[in-house]
Amino acid sequence: MPSCGIERAAMRAQRAWLHTRPSRRGTQVPEVNLAQALNGALDTALGSDDRVILLGEDIGRTGGVFRITEGLQEKHGSNRVFDTPVAESGIVGAALGMAIAGLRPVAEIQFMGFSYPAYDQIINHVARIRNRTNHRFTAPMVIRMPYGGGIGAAEHHSESTEAIYAHVPGIKVVVPSTPNDARGLLLAAVEDPDPVVFLEPIRLYRAVKEDIPDIYYTVDIGPVRVERPGDDITLVSWGAMMRETRAAANALEDVDISVEVIDVRTLSPLDRSGILASVEKTGRAVVIHEAPLTAGFGGEIAATIQEGALYSLQAPVRRVTGWDTIFPLKRSEGHYLPTVDRIVSAAYETLEV
Amino acid sequence: MPSCGIERAAMRAQRAWLHTRPSRRGTQVPEVNLAQALNGALDTALGSDDRVILLGEDIGRTGGVFRITEGLQEKHGSNRVFDTPVAESGIVGAALGMAIAGLRPVAEIQFMGFSYPAYDQIINHVARIRNRTNHRFTAPMVIRMPYGGGIGAAEHHSESTEAIYAHVPGIKVVVPSTPNDARGLLLAAVEDPDPVVFLEPIRLYRAVKEDIPDIYYTVDIGPVRVERPGDDITLVSWGAMMRETRAAANALEDVDISVEVIDVRTLSPLDRSGILASVEKTGRAVVIHEAPLTAGFGGEIAATIQEGALYSLQAPVRRVTGWDTIFPLKRSEGHYLPTVDRIVSAAYETLEV
Amino acid sequence: MSSRKSGLGRGLDALIPTGGPTSVPVTRQTDTDERRVMFSLINPDGSVRDRLPITLDEMKALYADMVEARAYDSKSIAMQRQGRLATYAPFRGQEAAQVGAAAGLENDDWVSGTYRDAALNWRAGFPWELLILGRTGDERGGEVPEGINVLPPSITVGGHMIHAVGLAWAEKLSGSNRIALTSFGDGATSEGDFHEAMNFAAVYQTPTVFFCQNNGFAISYPTSEQTRSESIAVKADAYGMPGIRVDGNDVVAVLVAVREAAVLARSGSGPSLIEAVTYRMGPHTTADDPARYREADEGEEWEEKDPLSRVQKLLERHGTWTEQWQAGLEEQASQRIERAVEWAESVPEPTFEEMLNRMYAEPTAPLLEQLDEGGQADE
Amino acid sequence: MSSRKSGLGRGLDALIPTGGPTSVPVTRQTDTDERRVMFSLINPDGSVRDRLPITLDEMKALYADMVEARAYDSKSIAMQRQGRLATYAPFRGQEAAQVGAAAGLENDDWVSGTYRDAALNWRAGFPWELLILGRTGDERGGEVPEGINVLPPSITVGGHMIHAVGLAWAEKLSGSNRIALTSFGDGATSEGDFHEAMNFAAVYQTPTVFFCQNNGFAISYPTSEQTRSESIAVKADAYGMPGIRVDGNDVVAVLVAVREAAVLARSGSGPSLIEAVTYRMGPHTTADDPARYREADEGEEWEEKDPLSRVQKLLERHGTWTEQWQAGLEEQASQRIERAVEWAESVPEPTFEEMLNRMYAEPTAPLLEQLDEGGQADE
Ligand SMILES: Cc1ncc(C[n+]2csc(CCOP(=O)(O)OP(=O)(O)O)c2C)c(N)n1
Ligand SMILES: Cc1ncc(C[n+]2csc(CCOP(=O)(O)OP(=O)(O)O)c2C)c(N)n1
Ligand SMILES: [Mg+2]
Ligand SMILES: [Mg+2]
C-alpha cells in the first residue's frame with residue numbers, strides 16, 4: 001500500500017539504507033542494456049518507496065510495448081502497477097491528482113507521439129500546481145515516454161518533440177543515452193520534488209550495453225556529461241542521436257581531430273555553463289538532433305553558445321538536424337535521420353574556417 | 001450555402017473581381033484598429049468565398065470575447081458562423097474534416113492557453129493530412145487565437161507559446177502587429193492551401209490604429225517586414241512585443257542610434273534571408289519576445305543569425321524575453337513582461353562592444 | 001479567517017413534516033428516472049415536499065452561509081468595478097448548489113472546483129482572504145492553509161476534474177477515508193477531459209463525487225445546445241455510474257445528494273454524478289454582457305426560484321426568520337468580508353524574486369541566472 | 001486495382017425464410033434494450049434467426065469479399081515475417097464487421113477508420129495496392145484515387161472520429177447526400193476525442209455513423225476493464241443519439257445496422273452509434289504476443305463464431321457452397337492480392353525531394369534551402 005505525506009521520512013531512511021547495504025555496494029551488473037536499466041530502476045523505485053506507483057497503457061499484464069515494466073506488476077502487485085484505459089490526458093491528470101495527494105506516480109505514455117493529448121494536462125496543470133499554490137501543492141511525478149525514430153515504425157511512433165516540453169516552465173526534461181544514466185536519472189526523477197518528463201530513446205533501448213552499479217544511486221538532473229574530452233571541436237547531442245554522434249566522433253578521431261562530445265542529458269533545466277565551458281575551449285561546435293530544424297532545441301543551444309562564447313567562436317555553430325518535415329515512414333527514414341556522414345561533414349565545415 | 005471542391009475556380013474569379021472592383025480601389029478606411037481589421041477581414045472572407053465558415057466558442061451570438069466576429073453571424077447567417085460546445089479538440093478536428101471536404105473553416109480558440117487540448121489535433125492531424133495522403137487531401141483552414149499578456153488576465157489567458165507551433169512541420173504560423181497586416185495576412189491565411197495558425201496579439205487589439213485599404217488584398221505569408229530601416233542595430237520581434245520594440249527604437253533614435261526594426265510576421269515558414277540581410281548590414285541584433293527564454297522562438301532566430309552572418313556580427317545576438325516562469329497574474333505582470341528599458345539596455349550592451 | 005464546517009448533517013429531525021413518506025434517495029435506485037426527473041425538497045415558496053433530514057440549527061446555518069456567500073459575491077463585483085480585483089465570475093443564483101455541496105463533505109475531503117466556485121471553496125475551508133488575494137491577481141492566493149484540501153479554482157474548463165480522480169484514487173490506495181469532490185459547469189461536460197475523468201473514476205472505482213452545476217450557460221452558449229442528452233445526469237450511464245438530477249437552488253436537496261454520494265464513495269461503492277440544476281443570475285464574468293444572448297425575463301423567472309429566498313420563506317413559515325436576524329447575518333457577513341478584503345489588500349506587492357522562486361522546489365540554474373539578470377534590471 | 005462496391009443491398013428477398021416475423025430494426029426504437037441486447041441474424045451454425053433482407057447473390061458477394069479480406073490478412077502477416085512490410089495489425093475475426101459496414105454505405109460516402117480497418121477501407125474503395133504500399137512504409141500509399149472518399153488508416157487512437165463529424169457537417173452544409181462513417185475500437189471509446197466527436201455530431205446533427213468494433217481488447221487491456229458501462233452502445237444515450245449493439249461476426253446484421261444508420265443520417269436524422277461485438281483472433285500487431293494476456297481457449301470459443309464459417313454453413317445449407325466454388329474464390333482473391341503486392345513492391349523508392357515536397361502545396365523557403373542542402377548530402 002502506498003503511504004502518503006507523513007511517511008516520507010521513513011521512506012528516506014529506507015532508501016538511505018539501500019544506498020549503503022554492504023552486500024550490494026560496489027558490485028556491478030554486467031552488460032545491462034538501456035531497457036533493462038530502466039526496468040531495474042523502476043523495480044528499485046517501487047521496492048524502496050511505497051509511494052511510487054506506475055500507470056500506463058499495457059504496462060501491467062504485458063510489461064509495456066517495449067517491456068520496460070516487465071515483471072513489475074507481478075512482483076509489486078496490481079495495486080502498484082496499473083494498466084489504464086486508452087486516454088493519455090486521463091493518465092497524466094490522474095497521476096497529477098495522485099502526486100498532489102502524496103504519491104509518486106510514474107506514468108508511461110506509450111509513444112511520444114501519443115503524449116500530445118496530454119499536453120494540456122502537462123503545460124496547464126502538472127507544470128503549474130506548485131506555482132499557483134505557492135509551493136503548497138506539488139507534482140512529484142514522472143512522465144516517461146519512448147521517443148525518436150530509426151525502427152521503421154508507423155506514423156506518430158518516431159516523434160522527437162523535446163523542444164515543446166523544454167519550453168514549458170515548471171517541468172524538467174531529461175533524456176539518457178546510456179544505461180548508467182538511465183538508471184541514475186530515472187531514480188533521480190522519481191525522487192525529484194518537481195515533475196519530470198523522461199524521454200527514452202527507442203533505438204538505443206537494446207543497442208547500448210554497459211556494466212552498471214547494483215546499488216541505489218542517482219544521477220543529478222541538470223549537469224551535462226562530457227562523454228569524451230577533446231580540444232578541436234565540440235559535438236553536442238542527447239538521447240538517440242548520441243549513437244551517430246559517437247560514431248562521428250570516432251571517425252573524426254581517426255583522422256586525428258580531437259573531439260569533445262557532450263551528452264546534454266537534461267534539456268531543462270539547461271546546463272548552459274557546461275556547454276559554454278566546452279566551446280570556450282574548442283571554439284567550434286556542432287549540435288545534433290533528430291527533431292526538425294526550425295524551433296528545435298538545437299536553436300536554443302546555438303543561441304546560448306553565441307550569447308556566451310561569441311568571442312571564442314572560430315566558426316558558426318552548425319546544426320545537424322532532421323528536416324522541416326514530418327518524420328517519414330520506413331522507406332524514407334534514411335532520408336530523414338541525420339547520418340554520421342552529415343555530422344562529420346558539418347564538423348569539417350566548422351573546422352575548415 | 002458553402003460549396004465544395006469544383007467551385008474553386010468560380011470563387012477565384014469572384015475574388016479576382018473583388019480585387020479590381022474600381023469603386024473600391026484606392027479608398028482607405030481611416031483609423032482602423034487591429035480588432036476591427038480582423039473583423040473586417042473575416043467579413044470580407046465570408047462575403048467573397050462561400051466555402052468560408054467560422055466556428056468557435058461564443059463567436060456567434062456575442063461575437064466572441066474580444067468581439068472579433070461581432071455582427072458576422074447576424075450578417076452571414078448561422079449556417080456560416082457557428083457557436084460550438086466547449087471542446088477545443090473538437091473544434092479543430094471538426095474544422096479539419098470540413099477542410100478535407102472542401103470548405104475553408106476558420107476556427108477560433110478563445111485564448112491561446114486553451115489551444116493545448118487541440119494540440120494533438122493540430123500536430124498529429126491538421127499538419128499531416130497533406131503529407132500522409134501525398135497531397136490528395138489537404139487542410140486549407142485557419143486556427144485563430146488571441147495570445148499574449150499585458151491585460152492582467154486570469155491564469156492561462158496570457159500565453160505566448162508560438163514556439164510550440166512554429167516547430168510543427170506542415171502548418172504555418174502567422175502573427176500580425178498592425179491593422180494592415182492583420183487584414184492582409186488573415187485573408188492570405190484563408191486563401192492558403194495549407195493550415196495556418198493565426199496569432200492575434202491581445203494587447204494590440206485596440207492599441208494600434210491606422211488607415212487600411214478598403215479592398216480585398218492579401219499580405220504574403222513568409223516575408224518579414226522591415227518596419228523601419230536603420231544601420232546601427234537590428235531589433236527583431238513580432239506580435240504584441242512590437243509595441244515595446246517600437247518604443248525602444250524611438251528611444252534609441254532619440255540618441256541618434258539608427259535602428260532597423262523587423263516585424264517577423266510569419267514565424268513559420270521563417271524568412272531567414274530577410275533577417276540575415278538586415279544583420280549583415282547592422283552587425284548587431286536583439287531579439288524580443290514575451291515567451292520564456294528557454295526554447296523560445298528567439299533561440300531559432302539567434303541561431304539563424306550566427307549561422308548565416310557570424311562574420312558580420314559585432315556582438316552576440318541578445319534575447320530580451322520573458323523569464324523561465326509561468327506567465328504571472330496581474331500583480332506580477334510588470335515583473336514578467338519585457339520592458340522598453342530592458343530592450344534599450346540590451347541594445348546598448350550590444351552596441352557597446 | 002472564516003470558520004470551517006459547522007458540524008452539519010448528523011441529525012435527521014423533521015424540520016417541517018409534510019406528512020408524506022421520507023423518500024430521500026439514500027440508497028441509489030437503478031431506476032433511470034433519477035437521472036431525468038429533478039429531486040427537490042424545498043419549493044420556491046418555502047413549502048417543503050418532504051421531511052427535511054436536517055435540524056433547524058443546520059437549516060439556519062446553511063442560510064447564514066448563503067447570505068455570507070452572496071455578500072462576498074456582491075462585494076467582489078463592486079471591487080472589480082473599482083479596479084481592485086481582476087475579472088470576476090459571479091455566482092449569484094448558485095449559492096445553494098455551492099453551500100449545499102460543501103456541507104455534504106467532511107472536513108478533510110478534497111475539492112477541485114472552478115473560478116465560479118468561491119462559495120463552495122470557502123464553505124470547504126478556503127478562506128475568503130485568500131480567495132480575494134487570488135482575485136487581485138496574486139498567486140499567493142492559492143496557498144491554502146495546511147489541512148485544507150481544496151485546490152485553487154481551476155481557470156481552464158474541464159482539466160481539473162481528473163485531478164479529483166487521482167486524489168481520490170490515492171486516498172483509496174492509502175486506505176484513508178477521504179474522498180474528492182470536483183465541481184464543474186454544464187459547458188465543461190463537453191470537454192474530452194470530462195469523459196476521461198468519468199471513465200477513470202468508474203474503472204478504478206475511485207471515491208469521487210462529480211458535481212455539475214448546470215447553470216444554463218457556458219458564457220453565451222445555452223445548455224440546451226451544449227448537448228442533446230436528456231440531462232447531464234443521464235451521462236452517468238455511459239460510465240456505469242449512478243447519476244442524479246437535483247434542484248440546485250434547493251440547498252437541502254443538494255446537501256442530501258452530495259452526502260449520499262459521499263457515503264457511497266466512502267463505503268467503496270465508487271463515484272457518482274450529480275447534476276444540480278441552477279441558473280447563473282449574473283453575467284459570465286464582469287467583462288460579459290448577457291443582454292447579447294439572453295432575454296431579461298428569463299432571469300426574472302429564476303428570481304422566483306432564488307435559493308436564498310426560498311429558505312427565508314421556509315424559516316418565515318416556521319416563525320424563525322425575522323428582519324432583525326437577517327440584518328444581523330448580513331452585518332456579520334459584511335464585517336468578515338471587509339476584514340478579509342482589508343487583509344488581502346494589505347499583502348505587500350509580490351516581488352520579482354518570488355515569481356522565479358515559485359517555479360521549482362529549488363530555483364534551477366537558468367532561473368538563478370535570470371534572478372541575477374532580472375534583479376539588476378529591477379533596480 | 002480492385003473493384004469497388006458491387007451494388008449490394010437493394011433487394012429484400014428472403015434468402016432462407018425462418019417463418020418468423022421480419023424484425024429487422026429498420027426504424028429505431030426508443031427502447032433502450034437495443035443498446036444492451038445484441039442484434040443478430042445469422043447464428044454461428046449457419047441457421048438464421050429471421051428473414052435476411054438481402055439476395056442470394058448479395059450474400060455470396062459478401063462472402064467472397066470476406067474470403068478476399070482474409071487472404072489479404074494472411075498474406076500481410078506472411079510478408080511482415082519476411083520483412084517486406086512494417087508492423088501489421090491483423091483483423092482476422094473482424095471480416096464480417098468490416099465488410100458488412102462498408103457494404104452498408106454508398107460509393108462516395110466518407111470513411112475514416114483505423115490501422116486495423118484494411119478490409120473496411122478496401123471494401124469502401126481503397127485499393128489493396130495502396131494499402132500494401134502504405135504498409136511497406138510509404139506515404140504514397142495514402143494517396144487514394146480521386147472519387148474514393150476514404151481517409152488513410154488512422155494510427156492514433158481516437159483522433160480521427162471527429163474528422164468524420166467535420167466531413168459530414170460539410171456535406172450537410174453543402175446540401176449533398178453524402179454521409180461519413182468512422183470506424184474505431186473499444187479502446188478508442190476511452191479517449192476524450194470520442195466524447196467530443198459524439199457530442200459535436202449530436203449537437204449539429206451531422207450525418208455521421210459511429211461504428212465501433214468491440215473486439216475485446218485494446219492491445220492487452222480487455223473491454224471489460226476499459227469501461228464500466230453496460231455496453232459501448234449504451235454510451236449513445238449520453239449524447240441523445242440512437243445506439244445499437246450488433247453481432248459483429250454476422251455480416252448481414254452489421255450491413256443492416258449500418259444501412260439503417262446511413263438512412264437515418266441521409267434523411268437528416270443525425271448520427272448514430274453502432275457497436276459491433278467481435279473478437280480479434282490474432283495478435284494486436286505482428287509485434288504482439290497475446291499469450292501474455294489471454295487464454296488460448298478464449299480464442300477457440302471465438303473460432304466457433306467465425307464470421308466466414310457461419311456464412312459458409314449458411315450457403316451450404318442452401319446448397320450453394322461447394323468446395324470448388326470456395327477454391328475458385330480463394331484463387332481469385334490470391335491472384336488479385338499477389339498482383340497488388342507485385343505492384344506495390346515495384347513502386348520505386350521514395351526520394352528525399354518527395355519527402356520535402358509533400359509538406360505544403362509549394363515548398364516553403366526553409367524547405368527550399370533544405371532541399372538544396374539535403375540534395376547535396378544525398379549525392
Ligand atoms: C479549456 C478552456 N476552454 C475555454 C475556456 C474559456 N471559458 C471560460 S468559462 C467558459 C464557459 C464554461 O461554462 P461552464 O462549464 O458551464 O461553467 P460556468 O461558467 O457556467 O460556471 C469558457 C468557454 C476555458 N477557460 N478553458
Ligand atoms: C492516442 C494513442 N494512444 C495510444 C496508442 C497506442 N495504441 C495503438 S492501438 C491501441 C489499442 C487500441 O485499441 P482499440 O481502440 O480497441 O482498437 P483495436 O486495436 O482493438 O482495433 C493503443 C493503445 C495510439 N496509437 N494512439
Ligand atoms: Mg454553465
Ligand atoms: Mg479493440
# chains A, B, ... in the order shown; residues from 1 in each chain; ligands from 1
call {"tool": "select_by_dssp", "arguments": {"residues": "region 47-259 of chain C", "states": "strand (DSSP E)", "output": "list in words"}}
result
Trp110, Val111, Ser112, Ala180, Leu181, Thr182, Ser183, Phe184, Gly185, Thr208, Val209, Phe210, Phe211, Cys212, Gln213, Asn214, Phe217, Ala218, Tyr221, Pro222, Gly243, Ile244, Arg245, Val246 and Asp247 of chain C
call {"tool": "residues_near_ligand", "arguments": {"ligand": "ligand 4", "cutoff": "12 Å", "atoms": "only C-alpha atoms and all ligand atoms", "output": "PyMOL selection string"}}
result
(chain A and resi 85-86) or (chain D and resi 89-91+93-94+114-117+157-158+183-190+212-226+232+275-285)
call {"tool": "select_by_dssp", "arguments": {"residues": "region 30-153 of chain D", "states": "alpha helix (DSSP H)", "output": "VMD selection string"}}
result
chain D and resid 56 to 81 95 to 103 118 to 123 128 to 135
call {"tool": "residues_around", "arguments": {"residues": "Gly322 (chain A)", "least_positions_apart": "5", "cutoff": "9 Å", "atoms": "only C-alpha atoms", "output": "JSON list (two decimals) with N, CA and C atoms, in the first residue's frame"}}
result
[["chain", "number", "residue", "atom", "x", "y", "z"],
["A", 288, "ILE", "N", 23.57, 18.36, -32.66],
["A", 288, "ILE", "CA", 22.92, 17.31, -33.44],
["A", 288, "ILE", "C", 21.61, 16.89, -32.77],
["A", 289, "HIS", "N", 20.52, 16.93, -33.52],
["A", 289, "HIS", "CA", 19.29, 16.31, -33.01],
["A", 289, "HIS", "C", 18.44, 15.84, -34.18],
["A", 290, "GLU", "N", 17.51, 14.95, -33.88],
["A", 290, "GLU", "CA", 16.71, 14.40, -34.97],
["A", 290, "GLU", "C", 15.40, 15.13, -35.19],
["A", 291, "ALA", "N", 15.04, 16.01, -34.27],
["A", 291, "ALA", "CA", 13.83, 16.80, -34.47],
["A", 291, "ALA", "C", 14.05, 17.74, -35.66],
["A", 292, "PRO", "N", 12.96, 18.23, -36.25],
["A", 292, "PRO", "CA", 13.12, 19.21, -37.32],
["A", 292, "PRO", "C", 13.96, 20.40, -36.87],
["A", 293, "LEU", "N", 14.56, 21.07, -37.84],
["A", 293, "LEU", "CA", 15.43, 22.21, -37.56],
["A", 293, "LEU", "C", 14.70, 23.35, -36.86],
["A", 327, "PHE", "N", 8.24, 13.28, -39.54],
["A", 327, "PHE", "CA", 9.11, 12.11, -39.55],
["A", 327, "PHE", "C", 8.49, 11.08, -40.50],
["A", 336, "TYR", "N", 15.67, 11.00, -43.77],
["A", 336, "TYR", "CA", 15.37, 11.97, -42.72],
["A", 336, "TYR", "C", 16.42, 12.03, -41.61],
["A", 337, "LEU", "N", 16.71, 10.88, -41.05],
["A", 337, "LEU", "CA", 17.56, 10.88, -39.85],
["A", 337, "LEU", "C", 18.97, 11.37, -40.16],
["A", 338, "PRO", "N", 19.47, 12.28, -39.35],
["A", 338, "PRO", "CA", 20.85, 12.75, -39.53],
["A", 338, "PRO", "C", 21.81, 11.56, -39.52]]
call {"tool": "interface_residues", "arguments": {"of": "chain D", "to": "chain B", "cutoff": "6 Å", "atoms": "only C-alpha atoms", "output": "ChimeraX atom specification"}}
result
/D:139-140,142-143,162-163,165-167,170,174,196,358-359
call {"tool": "interface_residues", "arguments": {"of": "chain A", "to": "chain B", "cutoff": "8 Å", "atoms": "only C-alpha atoms", "output": "number ranges by chain"}}
result
A: 113, 116-120, 124, 128, 131, 156, 163-164, 166-167, 169-170, 292, 294-297, 299-304, 306-308, 310, 315-318, 324-326
call {"tool": "write_last_selection", "arguments": {"atoms": "N, CA, C and O atoms", "output": "short mmCIF file (atom, residue, chain, number, x, y, z; two decimals), in the first residue's frame"}}
result
data_model
loop_
_atom_site.label_atom_id
_atom_site.label_comp_id
_atom_site.auth_asym_id
_atom_site.auth_seq_id
_atom_site.Cartn_x
_atom_site.Cartn_y
_atom_site.Cartn_z
N GLY A 113 4.54 10.35 -29.57
CA GLY A 113 3.51 10.86 -30.48
C GLY A 113 2.11 10.79 -29.88
O GLY A 113 1.19 11.42 -30.41
N TYR A 116 0.65 14.05 -27.00
CA TYR A 116 0.01 15.34 -27.28
C TYR A 116 -1.39 15.50 -26.69
O TYR A 116 -1.75 16.59 -26.27
N PRO A 117 -2.18 14.43 -26.66
CA PRO A 117 -3.47 14.61 -25.98
C PRO A 117 -3.28 14.98 -24.50
O PRO A 117 -4.21 15.50 -23.88
N ALA A 118 -2.11 14.71 -23.95
CA ALA A 118 -1.84 15.05 -22.55
C ALA A 118 -1.09 16.37 -22.43
O ALA A 118 -0.76 16.80 -21.32
N TYR A 119 -0.82 17.01 -23.55
CA TYR A 119 -0.01 18.24 -23.48
C TYR A 119 -0.69 19.30 -22.62
O TYR A 119 -0.03 20.00 -21.84
N ASP A 120 -1.98 19.41 -22.74
CA ASP A 120 -2.71 20.38 -21.93
C ASP A 120 -2.55 20.08 -20.44
O ASP A 120 -2.28 20.98 -19.65
N ASN A 124 -0.64 23.01 -18.64
CA ASN A 124 -1.59 23.84 -17.88
C ASN A 124 -1.79 23.37 -16.44
O ASN A 124 -2.27 24.15 -15.61
N ARG A 128 2.09 23.66 -13.34
CA ARG A 128 1.69 24.89 -12.65
C ARG A 128 1.24 24.72 -11.22
O ARG A 128 1.05 25.72 -10.52
N ASN A 131 3.35 26.50 -8.67
CA ASN A 131 3.32 27.95 -8.84
C ASN A 131 2.00 28.55 -8.38
O ASN A 131 1.96 29.55 -7.67
N HIS A 156 3.53 8.67 -36.33
CA HIS A 156 3.42 9.14 -34.94
C HIS A 156 4.29 8.35 -33.96
O HIS A 156 4.28 8.65 -32.77
N ALA A 163 11.57 19.79 -27.82
CA ALA A 163 11.56 21.26 -27.70
C ALA A 163 10.25 21.77 -27.10
O ALA A 163 10.25 22.74 -26.35
N ILE A 164 9.15 21.11 -27.43
CA ILE A 164 7.87 21.62 -26.91
C ILE A 164 7.72 21.33 -25.42
O ILE A 164 6.89 21.93 -24.76
N ALA A 166 10.68 21.19 -23.42
CA ALA A 166 11.74 22.01 -22.81
C ALA A 166 11.30 23.47 -22.67
O ALA A 166 11.85 24.22 -21.87
N HIS A 167 10.30 23.86 -23.43
CA HIS A 167 9.82 25.25 -23.39
C HIS A 167 8.81 25.48 -22.26
O HIS A 167 8.37 26.60 -22.04
N PRO A 169 7.88 26.02 -18.61
CA PRO A 169 8.42 26.27 -17.27
C PRO A 169 7.63 25.47 -16.23
O PRO A 169 6.42 25.35 -16.34
N GLY A 170 8.35 24.91 -15.29
CA GLY A 170 7.68 24.17 -14.23
C GLY A 170 7.87 22.67 -14.30
O GLY A 170 7.58 21.96 -13.35
N PRO A 292 12.96 18.23 -36.25
CA PRO A 292 13.12 19.21 -37.32
C PRO A 292 13.96 20.40 -36.87
O PRO A 292 14.01 20.71 -35.67
N THR A 294 13.63 23.84 -37.50
CA THR A 294 13.03 25.10 -37.07
C THR A 294 12.39 24.98 -35.69
O THR A 294 11.53 24.14 -35.47
N ALA A 295 12.87 25.85 -34.79
CA ALA A 295 12.40 25.87 -33.41
C ALA A 295 12.72 24.59 -32.66
O ALA A 295 12.14 24.30 -31.62
N GLY A 296 13.66 23.81 -33.20
CA GLY A 296 14.16 22.66 -32.46
C GLY A 296 15.05 23.11 -31.31
O GLY A 296 15.46 24.28 -31.25
N PHE A 297 15.39 22.18 -30.43
CA PHE A 297 16.15 22.58 -29.25
C PHE A 297 17.59 22.96 -29.60
O PHE A 297 18.26 23.66 -28.84
N GLY A 299 18.40 25.12 -31.68
CA GLY A 299 18.40 26.59 -31.76
C GLY A 299 18.75 27.19 -30.42
O GLY A 299 19.53 28.14 -30.33
N GLU A 300 18.16 26.64 -29.37
CA GLU A 300 18.44 27.15 -28.03
C GLU A 300 19.92 27.01 -27.72
O GLU A 300 20.55 27.93 -27.18
N ILE A 301 20.49 25.87 -28.09
CA ILE A 301 21.89 25.64 -27.75
C ILE A 301 22.80 26.53 -28.58
O ILE A 301 23.74 27.15 -28.06
N ALA A 302 22.52 26.64 -29.86
CA ALA A 302 23.35 27.52 -30.70
C ALA A 302 23.23 28.96 -30.22
O ALA A 302 24.23 29.69 -30.15
N ALA A 303 22.01 29.38 -29.89
CA ALA A 303 21.81 30.75 -29.40
C ALA A 303 22.60 30.97 -28.12
O ALA A 303 23.26 32.00 -27.92
N THR A 304 22.54 29.99 -27.24
CA THR A 304 23.26 30.06 -25.97
C THR A 304 24.76 30.20 -26.19
O THR A 304 25.43 31.00 -25.55
N GLN A 306 26.44 31.31 -28.85
CA GLN A 306 26.88 32.60 -29.39
C GLN A 306 26.68 33.72 -28.36
O GLN A 306 27.47 34.66 -28.31
N GLU A 307 25.64 33.57 -27.52
CA GLU A 307 25.47 34.58 -26.48
C GLU A 307 26.64 34.58 -25.49
O GLU A 307 27.15 35.63 -25.11
N GLY A 308 27.04 33.36 -25.10
CA GLY A 308 28.01 33.26 -24.00
C GLY A 308 29.44 33.10 -24.45
O GLY A 308 30.36 33.28 -23.65
N LEU A 310 30.68 34.03 -27.91
CA LEU A 310 30.86 34.52 -29.28
C LEU A 310 32.32 34.74 -29.62
O LEU A 310 32.79 34.41 -30.70
N ALA A 315 33.99 29.61 -35.73
CA ALA A 315 33.09 29.31 -36.86
C ALA A 315 31.67 29.29 -36.32
O ALA A 315 31.46 29.13 -35.13
N PRO A 316 30.71 29.44 -37.21
CA PRO A 316 29.32 29.36 -36.75
C PRO A 316 29.05 27.99 -36.11
O PRO A 316 29.63 27.00 -36.53
N VAL A 317 28.15 27.99 -35.14
CA VAL A 317 27.67 26.72 -34.60
C VAL A 317 26.73 26.13 -35.65
O VAL A 317 25.76 26.79 -36.05
N ARG A 318 27.06 24.95 -36.10
CA ARG A 318 26.20 24.33 -37.10
C ARG A 318 25.20 23.40 -36.43
O ARG A 318 25.49 22.81 -35.41
N ASP A 324 12.68 19.96 -41.94
CA ASP A 324 11.39 20.53 -41.50
C ASP A 324 10.23 19.75 -42.12
O ASP A 324 9.38 20.31 -42.82
N THR A 325 10.23 18.47 -41.85
CA THR A 325 9.16 17.61 -42.37
C THR A 325 8.64 16.74 -41.23
O THR A 325 9.24 16.66 -40.17
N ILE A 326 7.55 16.11 -41.51
CA ILE A 326 7.05 15.08 -40.60
C ILE A 326 8.00 13.90 -40.67
O ILE A 326 8.53 13.58 -41.75
#
call {"tool": "residues_around", "arguments": {"residues": "Leu199 (chain B)", "least_positions_apart": "5", "cutoff": "9 Å", "atoms": "only C-alpha atoms", "output": "list of chain:residue names"}}
result
B:Met112, B:Ile143, B:Arg144, B:Met145, B:Pro146, B:Tyr147, B:Glu162, B:Val173, B:Val174, B:Val175, B:Pro176, B:Gly239
call {"tool": "interface_residues", "arguments": {"of": "chain D", "to": "chain C", "cutoff": "6 Å", "atoms": "only C-alpha atoms", "output": "number ranges by chain"}}
result
D: 192-193, 195-196, 203, 227-229, 235, 238-240
call {"tool": "decode", "arguments": {"residues": "region 132-143 of chain B", "atoms": "C-alpha atoms", "output": "PDB file, in the first residue's frame"}}
result
ATOM      1  CA  ARG B 132       0.041  11.279 -45.342  1.00  0.00           C
ATOM      2  CA  THR B 133      -2.082  11.408 -48.470  1.00  0.00           C
ATOM      3  CA  ASN B 134       0.643  12.775 -50.726  1.00  0.00           C
ATOM      4  CA  HIS B 135      -1.384  15.930 -51.492  1.00  0.00           C
ATOM      5  CA  ARG B 136      -4.650  14.056 -52.074  1.00  0.00           C
ATOM      6  CA  PHE B 137      -6.419  15.517 -49.043  1.00  0.00           C
ATOM      7  CA  THR B 138      -5.482  18.892 -47.619  1.00  0.00           C
ATOM      8  CA  ALA B 139      -6.342  21.212 -44.783  1.00  0.00           C
ATOM      9  CA  PRO B 140      -6.955  24.736 -46.061  1.00  0.00           C
ATOM     10  CA  MET B 141      -8.026  26.116 -42.705  1.00  0.00           C
ATOM     11  CA  VAL B 142      -7.152  28.806 -40.212  1.00  0.00           C
ATOM     12  CA  ILE B 143      -6.911  28.471 -36.451  1.00  0.00           C
TER      13      ILE B 143
END
